[in-house]
$ cat target06.cif   # mmCIF, C-alpha atoms
data_work
loop_
_atom_site.label_atom_id
_atom_site.label_comp_id
_atom_site.auth_asym_id
_atom_site.auth_seq_id
_atom_site.Cartn_x
_atom_site.Cartn_y
_atom_site.Cartn_z
CA MET K 1 -71.25 0.31 38.66
CA THR K 2 -74.06 0.26 36.11
CA ALA K 3 -77.38 1.54 37.38
CA PHE K 4 -80.37 -0.77 36.95
CA ARG K 5 -82.48 1.01 34.36
CA PHE K 6 -84.75 0.46 31.38
CA ASP K 7 -84.34 2.60 28.26
CA LEU K 8 -87.25 2.65 25.80
CA HIS K 9 -86.02 3.14 22.22
CA ALA K 10 -89.13 2.77 20.05
CA THR K 11 -92.80 1.83 20.11
CA ASP K 12 -95.14 0.54 17.42
CA GLY K 13 -98.68 0.45 18.70
CA ALA K 14 -98.41 -1.20 22.13
CA ALA K 15 -95.20 -3.07 21.13
CA ARG K 16 -91.99 -1.70 22.63
CA CYS K 17 -88.26 -1.98 21.92
CA GLY K 18 -85.76 -1.13 24.63
CA THR K 19 -82.70 -2.09 26.66
CA LEU K 20 -82.55 -3.30 30.26
CA HIS K 21 -79.24 -2.40 31.93
CA THR K 22 -78.01 -4.60 34.80
CA ALA K 23 -74.88 -5.19 36.86
CA HIS K 24 -73.81 -7.98 34.49
CA GLY K 25 -74.60 -6.25 31.22
CA PRO K 26 -77.51 -5.19 29.03
CA MET K 27 -80.43 -7.10 27.54
CA ASP K 28 -82.23 -5.86 24.43
CA THR K 29 -86.01 -6.16 24.54
CA PRO K 30 -88.34 -7.72 23.61
CA ALA K 31 -86.25 -10.63 24.88
CA PHE K 32 -86.56 -14.36 25.43
CA MET K 33 -84.62 -15.74 28.40
CA PRO K 34 -83.67 -19.45 28.31
CA VAL K 35 -84.43 -21.35 31.52
CA GLY K 36 -81.50 -22.73 33.49
CA THR K 37 -83.44 -24.25 36.41
CA ALA K 38 -80.55 -26.01 38.18
CA ALA K 39 -77.76 -23.60 37.16
CA THR K 40 -77.59 -25.05 33.65
CA VAL K 41 -79.57 -24.61 30.45
CA LYS K 42 -80.13 -28.31 29.81
CA ALA K 43 -78.00 -29.87 27.02
CA MET K 44 -76.20 -26.55 26.36
CA MET K 45 -72.81 -25.06 27.22
CA PRO K 46 -73.01 -21.43 28.42
CA ASP K 47 -71.09 -20.14 25.39
CA SER K 48 -73.49 -22.08 23.13
CA VAL K 49 -76.43 -20.37 24.83
CA ALA K 50 -74.76 -16.99 24.24
CA ALA K 51 -74.10 -17.94 20.60
CA THR K 52 -77.87 -18.23 20.02
CA GLY K 53 -78.20 -14.52 20.90
CA ALA K 54 -79.53 -14.97 24.44
CA GLN K 55 -78.35 -12.25 26.83
CA MET K 56 -80.10 -13.16 30.09
CA ILE K 57 -80.98 -16.58 31.51
CA LEU K 58 -83.05 -17.85 34.44
CA GLY K 59 -82.17 -19.70 37.61
CA ASN K 60 -84.65 -21.29 40.00
CA THR K 61 -84.78 -20.34 43.68
CA TYR K 62 -86.61 -23.46 44.84
CA HIS K 63 -84.39 -25.99 43.06
CA LEU K 64 -81.09 -24.24 43.87
CA MET K 65 -82.15 -23.82 47.50
CA LEU K 66 -82.49 -27.61 47.73
CA ARG K 67 -79.46 -28.52 45.65
CA PRO K 68 -76.64 -27.50 45.94
CA GLY K 69 -77.82 -24.78 48.36
CA ALA K 70 -77.91 -21.01 47.86
CA GLU K 71 -75.34 -20.28 50.58
CA ARG K 72 -72.92 -22.73 48.97
CA ILE K 73 -73.32 -21.01 45.59
CA GLY K 74 -72.86 -17.63 47.25
CA LYS K 75 -69.64 -18.69 48.95
CA LEU K 76 -68.37 -20.01 45.60
CA GLY K 77 -68.78 -16.58 44.05
CA GLY K 78 -72.46 -16.49 43.07
CA LEU K 79 -74.41 -18.09 40.26
CA HIS K 80 -72.59 -16.30 37.42
CA ARG K 81 -69.22 -17.71 38.44
CA PHE K 82 -70.64 -21.06 39.56
CA MET K 83 -72.20 -21.83 36.17
CA ASN K 84 -69.79 -19.76 34.04
CA TRP K 85 -72.47 -17.36 32.74
CA PRO K 86 -71.05 -13.81 32.80
CA GLY K 87 -74.26 -12.16 31.56
CA PRO K 88 -77.39 -11.14 33.50
CA ILE K 89 -79.42 -13.70 35.43
CA LEU K 90 -83.04 -13.54 36.59
CA THR K 91 -84.17 -15.87 39.37
CA ASP K 92 -87.78 -16.77 40.02
CA SER K 93 -88.90 -16.56 43.62
CA GLY K 94 -90.15 -20.10 44.24
CA GLY K 95 -93.73 -18.90 43.90
CA PHE K 96 -94.53 -21.09 40.92
CA GLN K 97 -93.54 -24.18 42.90
CA VAL K 98 -96.08 -23.11 45.53
CA MET K 99 -98.64 -24.04 42.88
CA SER K 100 -96.91 -26.79 40.91
CA LEU K 101 -95.78 -28.74 43.99
CA ALA K 102 -99.01 -28.21 45.92
CA LYS K 103 -99.03 -31.76 47.28
CA LEU K 104 -95.71 -31.18 49.02
CA ARG K 105 -96.47 -27.88 50.72
CA LYS K 106 -98.34 -26.12 53.51
CA LEU K 107 -99.31 -22.51 52.85
CA THR K 108 -99.71 -19.94 55.66
CA GLU K 109 -99.59 -16.15 55.96
CA ASP K 110 -95.93 -16.42 56.90
CA GLY K 111 -94.89 -18.40 53.83
CA VAL K 112 -94.76 -21.93 52.47
CA THR K 113 -93.39 -25.05 54.10
CA PHE K 114 -92.12 -27.30 51.31
CA GLN K 115 -91.37 -30.97 51.49
CA SER K 116 -88.36 -31.52 49.24
CA HIS K 117 -89.14 -33.60 46.18
CA ILE K 118 -85.55 -34.90 46.42
CA ASP K 119 -85.29 -36.29 49.95
CA GLY K 120 -88.48 -35.33 51.78
CA SER K 121 -86.74 -32.78 54.04
CA LYS K 122 -88.84 -29.77 55.08
CA HIS K 123 -88.00 -26.16 54.20
CA LEU K 124 -89.77 -22.91 55.02
CA LEU K 125 -89.80 -20.40 52.17
CA THR K 126 -90.97 -16.90 53.13
CA PRO K 127 -90.69 -13.61 51.24
CA GLU K 128 -87.68 -12.73 53.40
CA ARG K 129 -85.98 -16.09 52.83
CA SER K 130 -86.66 -15.89 49.08
CA MET K 131 -84.96 -12.47 48.95
CA GLU K 132 -82.02 -13.84 50.96
CA ILE K 133 -81.61 -16.84 48.62
CA GLN K 134 -81.77 -14.70 45.49
CA ASN K 135 -79.19 -12.35 47.03
CA TRP K 136 -76.85 -15.28 47.69
CA LEU K 137 -77.33 -16.35 44.07
CA ASP K 138 -76.38 -12.80 42.95
CA ALA K 139 -79.42 -12.48 40.66
CA ASP K 140 -79.48 -9.29 38.59
CA VAL K 141 -83.28 -9.50 38.60
CA THR K 142 -84.90 -10.78 41.78
CA MET K 143 -88.58 -11.73 41.71
CA ALA K 144 -90.96 -10.95 44.57
CA PHE K 145 -92.26 -14.02 46.39
CA ASP K 146 -95.83 -14.79 45.35
CA GLU K 147 -98.39 -17.53 45.06
CA CYS K 148 -99.07 -18.41 41.43
CA THR K 149 -102.87 -18.61 41.25
CA PRO K 150 -103.92 -21.85 39.53
CA PHE K 151 -106.42 -22.09 36.68
CA PRO K 152 -109.29 -22.44 36.95
CA ALA K 153 -109.86 -20.44 40.13
CA THR K 154 -113.09 -18.98 41.48
CA GLU K 155 -113.35 -15.23 42.05
CA LYS K 156 -112.94 -15.82 45.79
CA GLN K 157 -109.85 -18.00 45.31
CA ALA K 158 -108.27 -15.56 42.83
CA ALA K 159 -108.92 -12.56 45.11
CA GLU K 160 -107.55 -14.23 48.26
CA SER K 161 -104.49 -15.57 46.45
CA MET K 162 -103.75 -12.21 44.83
CA ARG K 163 -104.08 -10.29 48.11
CA LEU K 164 -101.77 -12.74 49.87
CA SER K 165 -99.26 -12.21 47.04
CA MET K 166 -99.56 -8.42 47.50
CA ARG K 167 -98.80 -8.74 51.22
CA TRP K 168 -95.84 -10.93 50.35
CA ALA K 169 -94.78 -8.38 47.70
CA ARG K 170 -94.57 -5.70 50.40
CA ARG K 171 -92.47 -7.97 52.58
CA SER K 172 -90.26 -8.84 49.57
CA ARG K 173 -89.81 -5.11 48.86
CA ASP K 174 -88.83 -4.44 52.47
CA ALA K 175 -86.35 -7.35 52.57
CA PHE K 176 -84.68 -6.68 49.19
CA VAL K 177 -81.10 -5.42 49.47
CA GLU K 178 -80.73 -2.40 47.16
CA ARG K 179 -77.46 -2.24 45.21
CA PRO K 180 -76.39 -0.68 41.89
CA GLY K 181 -77.29 -2.75 38.84
CA TYR K 182 -79.71 -5.03 40.66
CA GLY K 183 -83.51 -4.85 40.49
CA LEU K 184 -86.63 -6.32 42.08
CA PHE K 185 -89.77 -7.11 40.04
CA GLY K 186 -93.29 -7.29 41.45
CA ILE K 187 -95.72 -9.88 40.06
CA VAL K 188 -99.28 -9.00 39.07
CA GLN K 189 -101.76 -11.73 39.98
CA GLY K 190 -105.55 -11.98 39.93
CA GLY K 191 -106.36 -14.84 37.59
CA ILE K 192 -108.48 -13.93 34.56
CA TYR K 193 -110.51 -11.31 36.49
CA PRO K 194 -109.96 -7.69 35.34
CA GLU K 195 -110.87 -6.11 38.68
CA PHE K 196 -108.33 -8.24 40.58
CA ARG K 197 -105.58 -7.65 38.01
CA ALA K 198 -106.29 -3.90 38.34
CA GLU K 199 -106.16 -4.08 42.14
CA SER K 200 -102.89 -6.01 42.00
CA ALA K 201 -101.26 -3.64 39.47
CA ALA K 202 -102.27 -0.62 41.56
CA ALA K 203 -100.90 -2.16 44.77
CA LEU K 204 -97.55 -3.02 43.18
CA THR K 205 -97.19 0.34 41.43
CA ALA K 206 -97.79 2.10 44.76
CA MET K 207 -94.97 0.03 46.34
CA GLY K 208 -92.61 0.93 43.49
CA PHE K 209 -90.73 -1.91 41.75
CA ASP K 210 -87.93 -1.89 39.16
CA GLY K 211 -90.04 -3.99 36.78
CA TYR K 212 -93.44 -5.64 36.68
CA ALA K 213 -94.25 -9.24 35.80
CA VAL K 214 -97.59 -10.70 34.80
CA GLY K 215 -97.89 -14.03 36.59
CA GLY K 216 -100.55 -16.72 36.72
CA LEU K 217 -100.84 -17.16 32.95
CA ALA K 218 -99.78 -20.07 30.72
CA VAL K 219 -101.25 -22.36 33.39
CA GLY K 220 -103.93 -23.93 31.20
CA GLU K 221 -106.19 -21.01 30.29
CA GLY K 222 -105.37 -21.09 26.57
CA GLN K 223 -104.05 -18.40 24.23
CA GLU K 224 -107.31 -16.49 23.79
CA LEU K 225 -107.84 -15.98 27.53
CA MET K 226 -104.15 -15.17 28.02
CA PHE K 227 -104.29 -12.46 25.35
CA SER K 228 -107.53 -10.97 26.70
CA THR K 229 -106.01 -10.87 30.20
CA LEU K 230 -102.95 -9.07 28.80
CA ASP K 231 -105.22 -6.65 26.93
CA PHE K 232 -106.57 -5.27 30.19
CA THR K 233 -103.51 -5.84 32.41
CA THR K 234 -100.52 -4.50 30.45
CA PRO K 235 -101.88 -0.93 30.04
CA LEU K 236 -102.08 -0.69 33.85
CA LEU K 237 -98.30 -1.09 34.22
CA PRO K 238 -95.80 1.82 34.22
CA THR K 239 -94.43 2.58 30.75
CA ASP K 240 -90.93 3.37 32.06
CA ARG K 241 -90.38 -0.10 33.56
CA PRO K 242 -89.87 -3.49 31.87
CA ARG K 243 -92.85 -5.85 31.67
CA TYR K 244 -92.28 -9.58 31.98
CA LEU K 245 -94.76 -12.34 31.07
CA MET K 246 -93.70 -15.33 33.13
CA GLY K 247 -93.51 -18.84 31.68
CA VAL K 248 -94.54 -18.00 28.09
CA GLY K 249 -94.41 -19.71 25.75
CA ARG K 250 -94.85 -20.85 22.17
CA PRO K 251 -93.49 -18.50 19.47
CA SER K 252 -97.06 -17.45 18.55
CA ASP K 253 -97.77 -16.66 22.23
CA ILE K 254 -94.68 -14.46 22.35
CA VAL K 255 -95.48 -12.55 19.14
CA GLY K 256 -99.03 -11.90 20.38
CA ALA K 257 -97.82 -10.76 23.80
CA VAL K 258 -95.23 -8.39 22.27
CA LEU K 259 -98.09 -6.79 20.29
CA ARG K 260 -99.75 -6.23 23.70
CA GLY K 261 -96.76 -4.45 25.25
CA ILE K 262 -94.73 -7.25 26.92
CA ASP K 263 -90.91 -6.94 26.95
CA MET K 264 -89.56 -10.13 28.55
CA PHE K 265 -90.33 -13.85 28.30
CA ASP K 266 -89.06 -17.18 29.60
CA CYS K 267 -90.20 -20.75 29.04
CA VAL K 268 -88.83 -24.30 29.24
CA MET K 269 -90.56 -25.09 25.94
CA PRO K 270 -87.63 -24.68 23.49
CA THR K 271 -85.24 -26.72 25.64
CA ARG K 272 -87.76 -29.34 26.77
CA SER K 273 -89.05 -29.75 23.22
CA GLY K 274 -85.49 -30.15 21.95
CA ARG K 275 -85.05 -33.08 24.32
CA THR K 276 -88.25 -34.72 23.05
CA ALA K 277 -87.48 -34.49 19.30
CA GLN K 278 -89.64 -31.39 18.69
CA ALA K 279 -88.16 -28.57 16.62
CA PHE K 280 -89.67 -25.10 16.20
CA THR K 281 -89.33 -23.71 12.67
CA ARG K 282 -90.76 -20.87 10.60
CA ARG K 283 -93.27 -23.38 9.26
CA GLY K 284 -94.42 -24.69 12.61
CA THR K 285 -93.34 -27.60 14.79
CA VAL K 286 -91.47 -30.57 13.34
CA ASN K 287 -91.26 -33.98 15.05
CA LEU K 288 -87.88 -35.50 14.17
CA ARG K 289 -88.99 -38.88 15.51
CA ASN K 290 -91.28 -39.35 12.49
CA ALA K 291 -90.11 -41.83 9.84
CA ARG K 292 -90.79 -39.29 7.07
CA HIS K 293 -87.38 -37.74 7.85
CA GLN K 294 -85.27 -40.91 7.67
CA ASP K 295 -84.13 -40.47 4.04
CA ASP K 296 -84.30 -36.65 3.88
CA PRO K 297 -80.91 -35.05 3.07
CA ARG K 298 -82.25 -31.51 3.55
CA PRO K 299 -81.63 -29.39 6.66
CA LEU K 300 -84.30 -28.92 9.28
CA ASP K 301 -84.72 -25.31 8.15
CA GLU K 302 -82.82 -24.05 5.09
CA ALA K 303 -82.92 -20.43 6.28
CA CYS K 304 -81.53 -21.22 9.75
CA THR K 305 -77.84 -20.72 10.59
CA CYS K 306 -77.68 -22.82 13.77
CA PRO K 307 -75.25 -25.79 13.85
CA ALA K 308 -78.06 -28.36 13.52
CA CYS K 309 -79.33 -26.78 10.30
CA ARG K 310 -75.93 -25.71 8.91
CA ASN K 311 -74.14 -29.03 9.34
CA TYR K 312 -76.64 -31.88 9.54
CA SER K 313 -79.51 -33.40 7.58
CA ARG K 314 -82.99 -34.26 8.80
CA ALA K 315 -82.04 -37.90 8.18
CA TYR K 316 -79.11 -37.63 10.60
CA LEU K 317 -81.12 -35.78 13.26
CA HIS K 318 -83.83 -38.46 12.96
CA HIS K 319 -81.15 -41.17 13.35
CA LEU K 320 -79.76 -39.53 16.50
CA ILE K 321 -83.21 -39.37 18.06
CA ARG K 322 -84.10 -42.97 17.20
CA ALA K 323 -80.71 -44.21 18.41
CA GLU K 324 -81.16 -42.18 21.64
CA GLU K 325 -77.82 -40.49 21.08
CA ILE K 326 -77.32 -37.45 23.33
CA LEU K 327 -76.17 -35.31 20.40
CA GLY K 328 -79.77 -35.31 19.09
CA PRO K 329 -81.28 -33.40 22.04
CA MET K 330 -78.22 -31.13 22.11
CA LEU K 331 -78.58 -30.10 18.46
CA LEU K 332 -82.36 -29.68 18.62
CA THR K 333 -82.12 -27.64 21.82
CA TRP K 334 -79.55 -25.37 20.17
CA HIS K 335 -81.79 -25.03 17.11
CA ASN K 336 -84.88 -24.17 19.18
CA LEU K 337 -83.08 -21.55 21.24
CA HIS K 338 -81.55 -20.09 18.07
CA TYR K 339 -84.99 -19.92 16.45
CA TYR K 340 -86.55 -18.20 19.46
CA GLN K 341 -83.76 -15.60 19.45
CA GLU K 342 -84.27 -15.08 15.71
CA VAL K 343 -87.96 -14.36 16.34
CA MET K 344 -87.02 -11.84 19.06
CA ALA K 345 -84.46 -10.11 16.81
CA GLY K 346 -87.10 -9.93 14.06
CA LEU K 347 -89.60 -8.37 16.47
CA ARG K 348 -87.08 -5.78 17.69
CA ALA K 349 -86.21 -4.76 14.11
CA ALA K 350 -89.89 -4.61 13.13
CA ILE K 351 -90.80 -2.39 16.11
CA LYS K 352 -87.94 0.01 15.32
CA GLU K 353 -89.08 0.20 11.68
CA GLY K 354 -92.79 0.56 12.51
CA ARG K 355 -93.87 -2.69 10.80
CA VAL K 356 -94.58 -5.01 13.70
CA GLN K 357 -98.13 -5.78 12.51
CA ASP K 358 -96.73 -6.87 9.13
CA PHE K 359 -94.14 -9.02 10.91
CA ALA K 360 -96.85 -10.70 13.00
CA ALA K 361 -99.05 -11.34 9.96
CA LYS K 362 -96.19 -12.88 7.97
CA PHE K 363 -95.14 -14.94 11.00
CA ALA K 364 -98.66 -16.40 11.37
CA GLU K 365 -98.92 -17.04 7.61
CA GLN K 366 -95.62 -18.96 7.50
CA GLU K 367 -96.39 -20.99 10.61
CA ALA K 368 -99.78 -21.99 9.17
CA MET K 369 -98.12 -23.44 6.04
CA GLY K 370 -96.89 -26.48 7.93
CA ASP K 371 -93.66 -28.38 7.35
CA ILE K 372 -92.09 -28.85 3.91
CA GLU K 373 -93.27 -31.78 1.80
CA VAL K 374 -91.34 -35.03 1.88
CA GLY K 375 -88.63 -34.82 -0.81
#

$ encode --input "target06.cif" --output "structure tokens"
Amino acid sequence: MTAFRFDLHATDGAARCGTLHTAHGPMDTPAFMPVGTAATVKAMMPDSVAATGAQMILGNTYHLMLRPGAERIGKLGGLHRFMNWPGPILTDSGGFQVMSLAKLRKLTEDGVTFQSHIDGSKHLLTPERSMEIQNWLDADVTMAFDECTPFPATEKQAAESMRLSMRWARRSRDAFVERPGYGLFGIVQGGIYPEFRAESAAALTAMGFDGYAVGGLAVGEGQELMFSTLDFTTPLLPTDRPRYLMGVGRPSDIVGAVLRGIDMFDCVMPTRSGRTAQAFTRRGTVNLRNARHQDDPRPLDEACTCPACRNYSRAYLHHLIRAEEILGPMLLTWHNLHYYQEVMAGLRAAIKEGRVQDFAAKFAEQEAMGDIEVG
């Protein structure tokens, strides 16, 4: 059985290139992981997701706990078999929903009592229960149970929330079932306050995790504050473990975070945007709903090799969106995921060749150009 390990191949400044080895295969870093909340990457077949270059995807503890149930998935062979994804899977702990579904929950030292957004039934999610659910799901990467600190938060709120998360991290560590090829990540919290981020990183490092995530960002603080928080947080994390920035983000967010030493990313943005007619391209975001595309025979992006760009015109993609045909969101989702993976492959190559700053500068220059003129 493969040991869970992280091999670092090259660095360029703070940027790193490596490989994470798991029970269900490797993932090259820096990496973007598509989100498959309910055991599916929306509007995509698993082999289509793999065709974009994605190696690891996400599942969601909270949503799968409610429907169809973690024990049911476990008895059916685990999440890989259930959703026909043979590669690695990371599951979040349910901690983000502690924040995002605040109206439906009661928070105590023991854990969180959720009221299901589906049928109103009550469920208690504790660090121990989160570990049990993620074990049933057969997640290659299990996330410690935490409270995602909202933004804005006062110093007092950020400190109390972070310290609760650290107590929960210890309980998650104790409850995690060690087995070859499987790892547990701790989550650094502390809002935008350097002293609390430092306290959190020190506490987690002392416990000893297989990887370290930076949580509580991309919650409304903006790119500048996110980057400044990473500037003082990332150097506090062990260099021999993967670093994961949760819930980020736009391509420019990802490039900036890679320059600051982050290895792993996830976000619903490329899939959600694909379902709302938004396409990410080298020259920024394109809205296929706009009438300017209705007579345009050109591809969305001439340099892109995804099926949407290879086989269809902007005029046809615009038609699909306006006609509310399901093929439109499918093709745009595929394109967005393909583009994100292209950015990651470009970053990995640039780090290996010692030109990541040049890559980032060219990336920003192209994105600032805006979409091509109407033909």

$ resolve_selection --input "target06.cif" --expression "the PyMOL selection byres ((chain K and resi 293-300) around 10)" --output "MDAnalysis selection string"
chainID K and resid 279:281 286:292 301:304 308:319 322 332 335 371:372 374:375

$ write_last_selection --input "target06.cif" --atoms "C-alpha atoms" --output "compact mmCIF listing (two decimals), in the frame of the given file"
# COMPACT_ATOMS: atom_id res chain seq x y z
CA ALA K 279 -88.16 -28.57 16.62
CA PHE K 280 -89.67 -25.10 16.20
CA THR K 281 -89.33 -23.71 12.67
CA VAL K 286 -91.47 -30.57 13.34
CA ASN K 287 -91.26 -33.98 15.05
CA LEU K 288 -87.88 -35.50 14.17
CA ARG K 289 -88.99 -38.88 15.51
CA ASN K 290 -91.28 -39.35 12.49
CA ALA K 291 -90.11 -41.83 9.84
CA ARG K 292 -90.79 -39.29 7.07
CA ASP K 301 -84.72 -25.31 8.15
CA GLU K 302 -82.82 -24.05 5.09
CA ALA K 303 -82.92 -20.43 6.28
CA CYS K 304 -81.53 -21.22 9.75
CA ALA K 308 -78.06 -28.36 13.52
CA CYS K 309 -79.33 -26.78 10.30
CA ARG K 310 -75.93 -25.71 8.91
CA ASN K 311 -74.14 -29.03 9.34
CA TYR K 312 -76.64 -31.88 9.54
CA SER K 313 -79.51 -33.40 7.58
CA ARG K 314 -82.99 -34.26 8.80
CA ALA K 315 -82.04 -37.90 8.18
CA TYR K 316 -79.11 -37.63 10.60
CA LEU K 317 -81.12 -35.78 13.26
CA HIS K 318 -83.83 -38.46 12.96
CA HIS K 319 -81.15 -41.17 13.35
CA ARG K 322 -84.10 -42.97 17.20
CA LEU K 332 -82.36 -29.68 18.62
CA HIS K 335 -81.79 -25.03 17.11
CA ASP K 371 -93.66 -28.38 7.35
CA ILE K 372 -92.09 -28.85 3.91
CA VAL K 374 -91.34 -35.03 1.88
CA GLY K 375 -88.63 -34.82 -0.81

$ axis_aligned_box --input "target06.cif" --around "range 1-14 of chain K" --padding-each-side "5 Å" --output "AutoDock Vina command-line options"
--center_x -85.0 --center_y 1.0 --center_z 28.0 --size_x 37.4 --size_y 14.3 --size_z 31.2

$ resolve_selection --input "target06.cif" --expression "the PyMOL selection byres ((chain K and resi 193) around 10)" --output "list in words"
Ala153, Thr154, Glu155, Ala158, Ala159, Gln189, Gly190, Gly191, Ile192, Pro194, Glu195, Phe196, Arg197, Ala198, Thr229, Phe232 and Thr233 of chain K

$ resolve_selection --input "target06.cif" --expression "the PyMOL selection byres ((chain K and resi 51-63) around 6)" --output "PyMOL selection string"
chain K and resi 27+33-37+39+48-50+64-66+88-94+338+341

$ closest_residue --input "target06.cif" --among "K:Asp210, K:Met246, K:Arg275, K:Val258" --to "Lys42 in chain K" --atoms "all atoms listed in the file"
K:Arg275

$ atom_distance --input "target06.cif" --atom1 "CA of Asp47 in chain K" --atom2 "CA of Met83 in chain K"
11.0 Å

$ atom_distance --input "target06.cif" --atom1 "CA of Glu71 in chain K" --atom2 "CA of Asp146 in chain K"
21.8 Å

$ closest_residue --input "target06.cif" --among "K:Pro127, K:Pro307, K:Gly249, K:Pro242" --to "Gly222 in chain K" --atoms "only C-alpha atoms"
K:Gly249

$ residues_around --input "target06.cif" --residues "range 205-207 of chain K" --least-positions-apart "4" --cutoff "9 Å" --atoms "all atoms listed in the file" --output "ChimeraX atom specification"
/K:169-170,173,186,200-201,212,237-238

$ closest_residue --input "target06.cif" --among "K:Thr234, K:Ser273, K:Thr40, K:Thr22" --to "Thr142 in chain K" --atoms "all atoms listed in the file"
K:Thr22

$ atom_distance --input "target06.cif" --atom1 "CA of Phe114 in chain K" --atom2 "CA of Gly211 in chain K"
27.5 Å

$ residues_around --input "target06.cif" --residues "Ala349 in chain K" --least-positions-apart "5" --cutoff "12 Å" --atoms "all atoms listed in the file" --output "JSON, numbers by chain"
{"K": [9, 10, 11, 12, 15, 16, 17, 18, 28, 29, 30, 342, 343, 344, 354, 355, 356, 358, 359]}

$ write_last_selection --input "target06.cif" --atoms "C-alpha atoms" --output "PDB file, in the frame of the given file"
ATOM      1  CA  HIS K   9     -86.020   3.140  22.220  1.00  0.00           C
ATOM      2  CA  ALA K  10     -89.130   2.770  20.050  1.00  0.00           C
ATOM      3  CA  THR K  11     -92.800   1.830  20.110  1.00  0.00           C
ATOM      4  CA  ASP K  12     -95.140   0.540  17.420  1.00  0.00           C
ATOM      5  CA  ALA K  15     -95.200  -3.070  21.130  1.00  0.00           C
ATOM      6  CA  ARG K  16     -91.990  -1.700  22.630  1.00  0.00           C
ATOM      7  CA  CYS K  17     -88.260  -1.980  21.920  1.00  0.00           C
ATOM      8  CA  GLY K  18     -85.760  -1.130  24.630  1.00  0.00           C
ATOM      9  CA  ASP K  28     -82.230  -5.860  24.430  1.00  0.00           C
ATOM     10  CA  THR K  29     -86.010  -6.160  24.540  1.00  0.00           C
ATOM     11  CA  PRO K  30     -88.340  -7.720  23.610  1.00  0.00           C
ATOM     12  CA  GLU K 342     -84.270 -15.080  15.710  1.00  0.00           C
ATOM     13  CA  VAL K 343     -87.960 -14.360  16.340  1.00  0.00           C
ATOM     14  CA  MET K 344     -87.020 -11.840  19.060  1.00  0.00           C
ATOM     15  CA  GLY K 354     -92.790   0.560  12.510  1.00  0.00           C
ATOM     16  CA  ARG K 355     -93.870  -2.690  10.800  1.00  0.00           C
ATOM     17  CA  VAL K 356     -94.580  -5.010  13.700  1.00  0.00           C
ATOM     18  CA  ASP K 358     -96.730  -6.870   9.130  1.00  0.00           C
ATOM     19  CA  PHE K 359     -94.140  -9.020  10.910  1.00  0.00           C
TER      20      PHE K 359
END

$ residues_around --input "target06.cif" --residues "Glu367 in chain K" --least-positions-apart "5" --cutoff "10 Å" --atoms "all atoms listed in the file" --output "ChimeraX atom specification"
/K:251-252,280-285,362

$ residues_around --input "target06.cif" --residues "Arg241 in chain K" --least-positions-apart "6" --cutoff "10 Å" --atoms "only C-alpha atoms" --output "PyMOL selection string"
chain K and resi 5-8+20+185+209-212+263

$ closest_residue --input "target06.cif" --among "K:Ala360, K:Val41, K:Glu353, K:Gly256" --to "Leu337 in chain K" --atoms "all atoms listed in the file"
K:Val41

$ closest_residue --input "target06.cif" --among "K:Gly87, K:Thr113, K:Gly74, K:Leu184" --to "Ala23 in chain K" --atoms "only C-alpha atoms"
K:Gly87

$ closest_residue --input "target06.cif" --among "K:Val177, K:Leu347, K:Ala277, K:Ile118" --to "Ile321 in chain K" --atoms "only C-alpha atoms"
K:Ala277

$ residues_around --input "target06.cif" --residues "His24 in chain K" --least-positions-apart "6" --cutoff "12 Å" --atoms "only C-alpha atoms" --output "VMD selection string"
chain K and resid 1 to 4 55 to 57 79 to 81 85 to 90 138 to 141 180 to 183
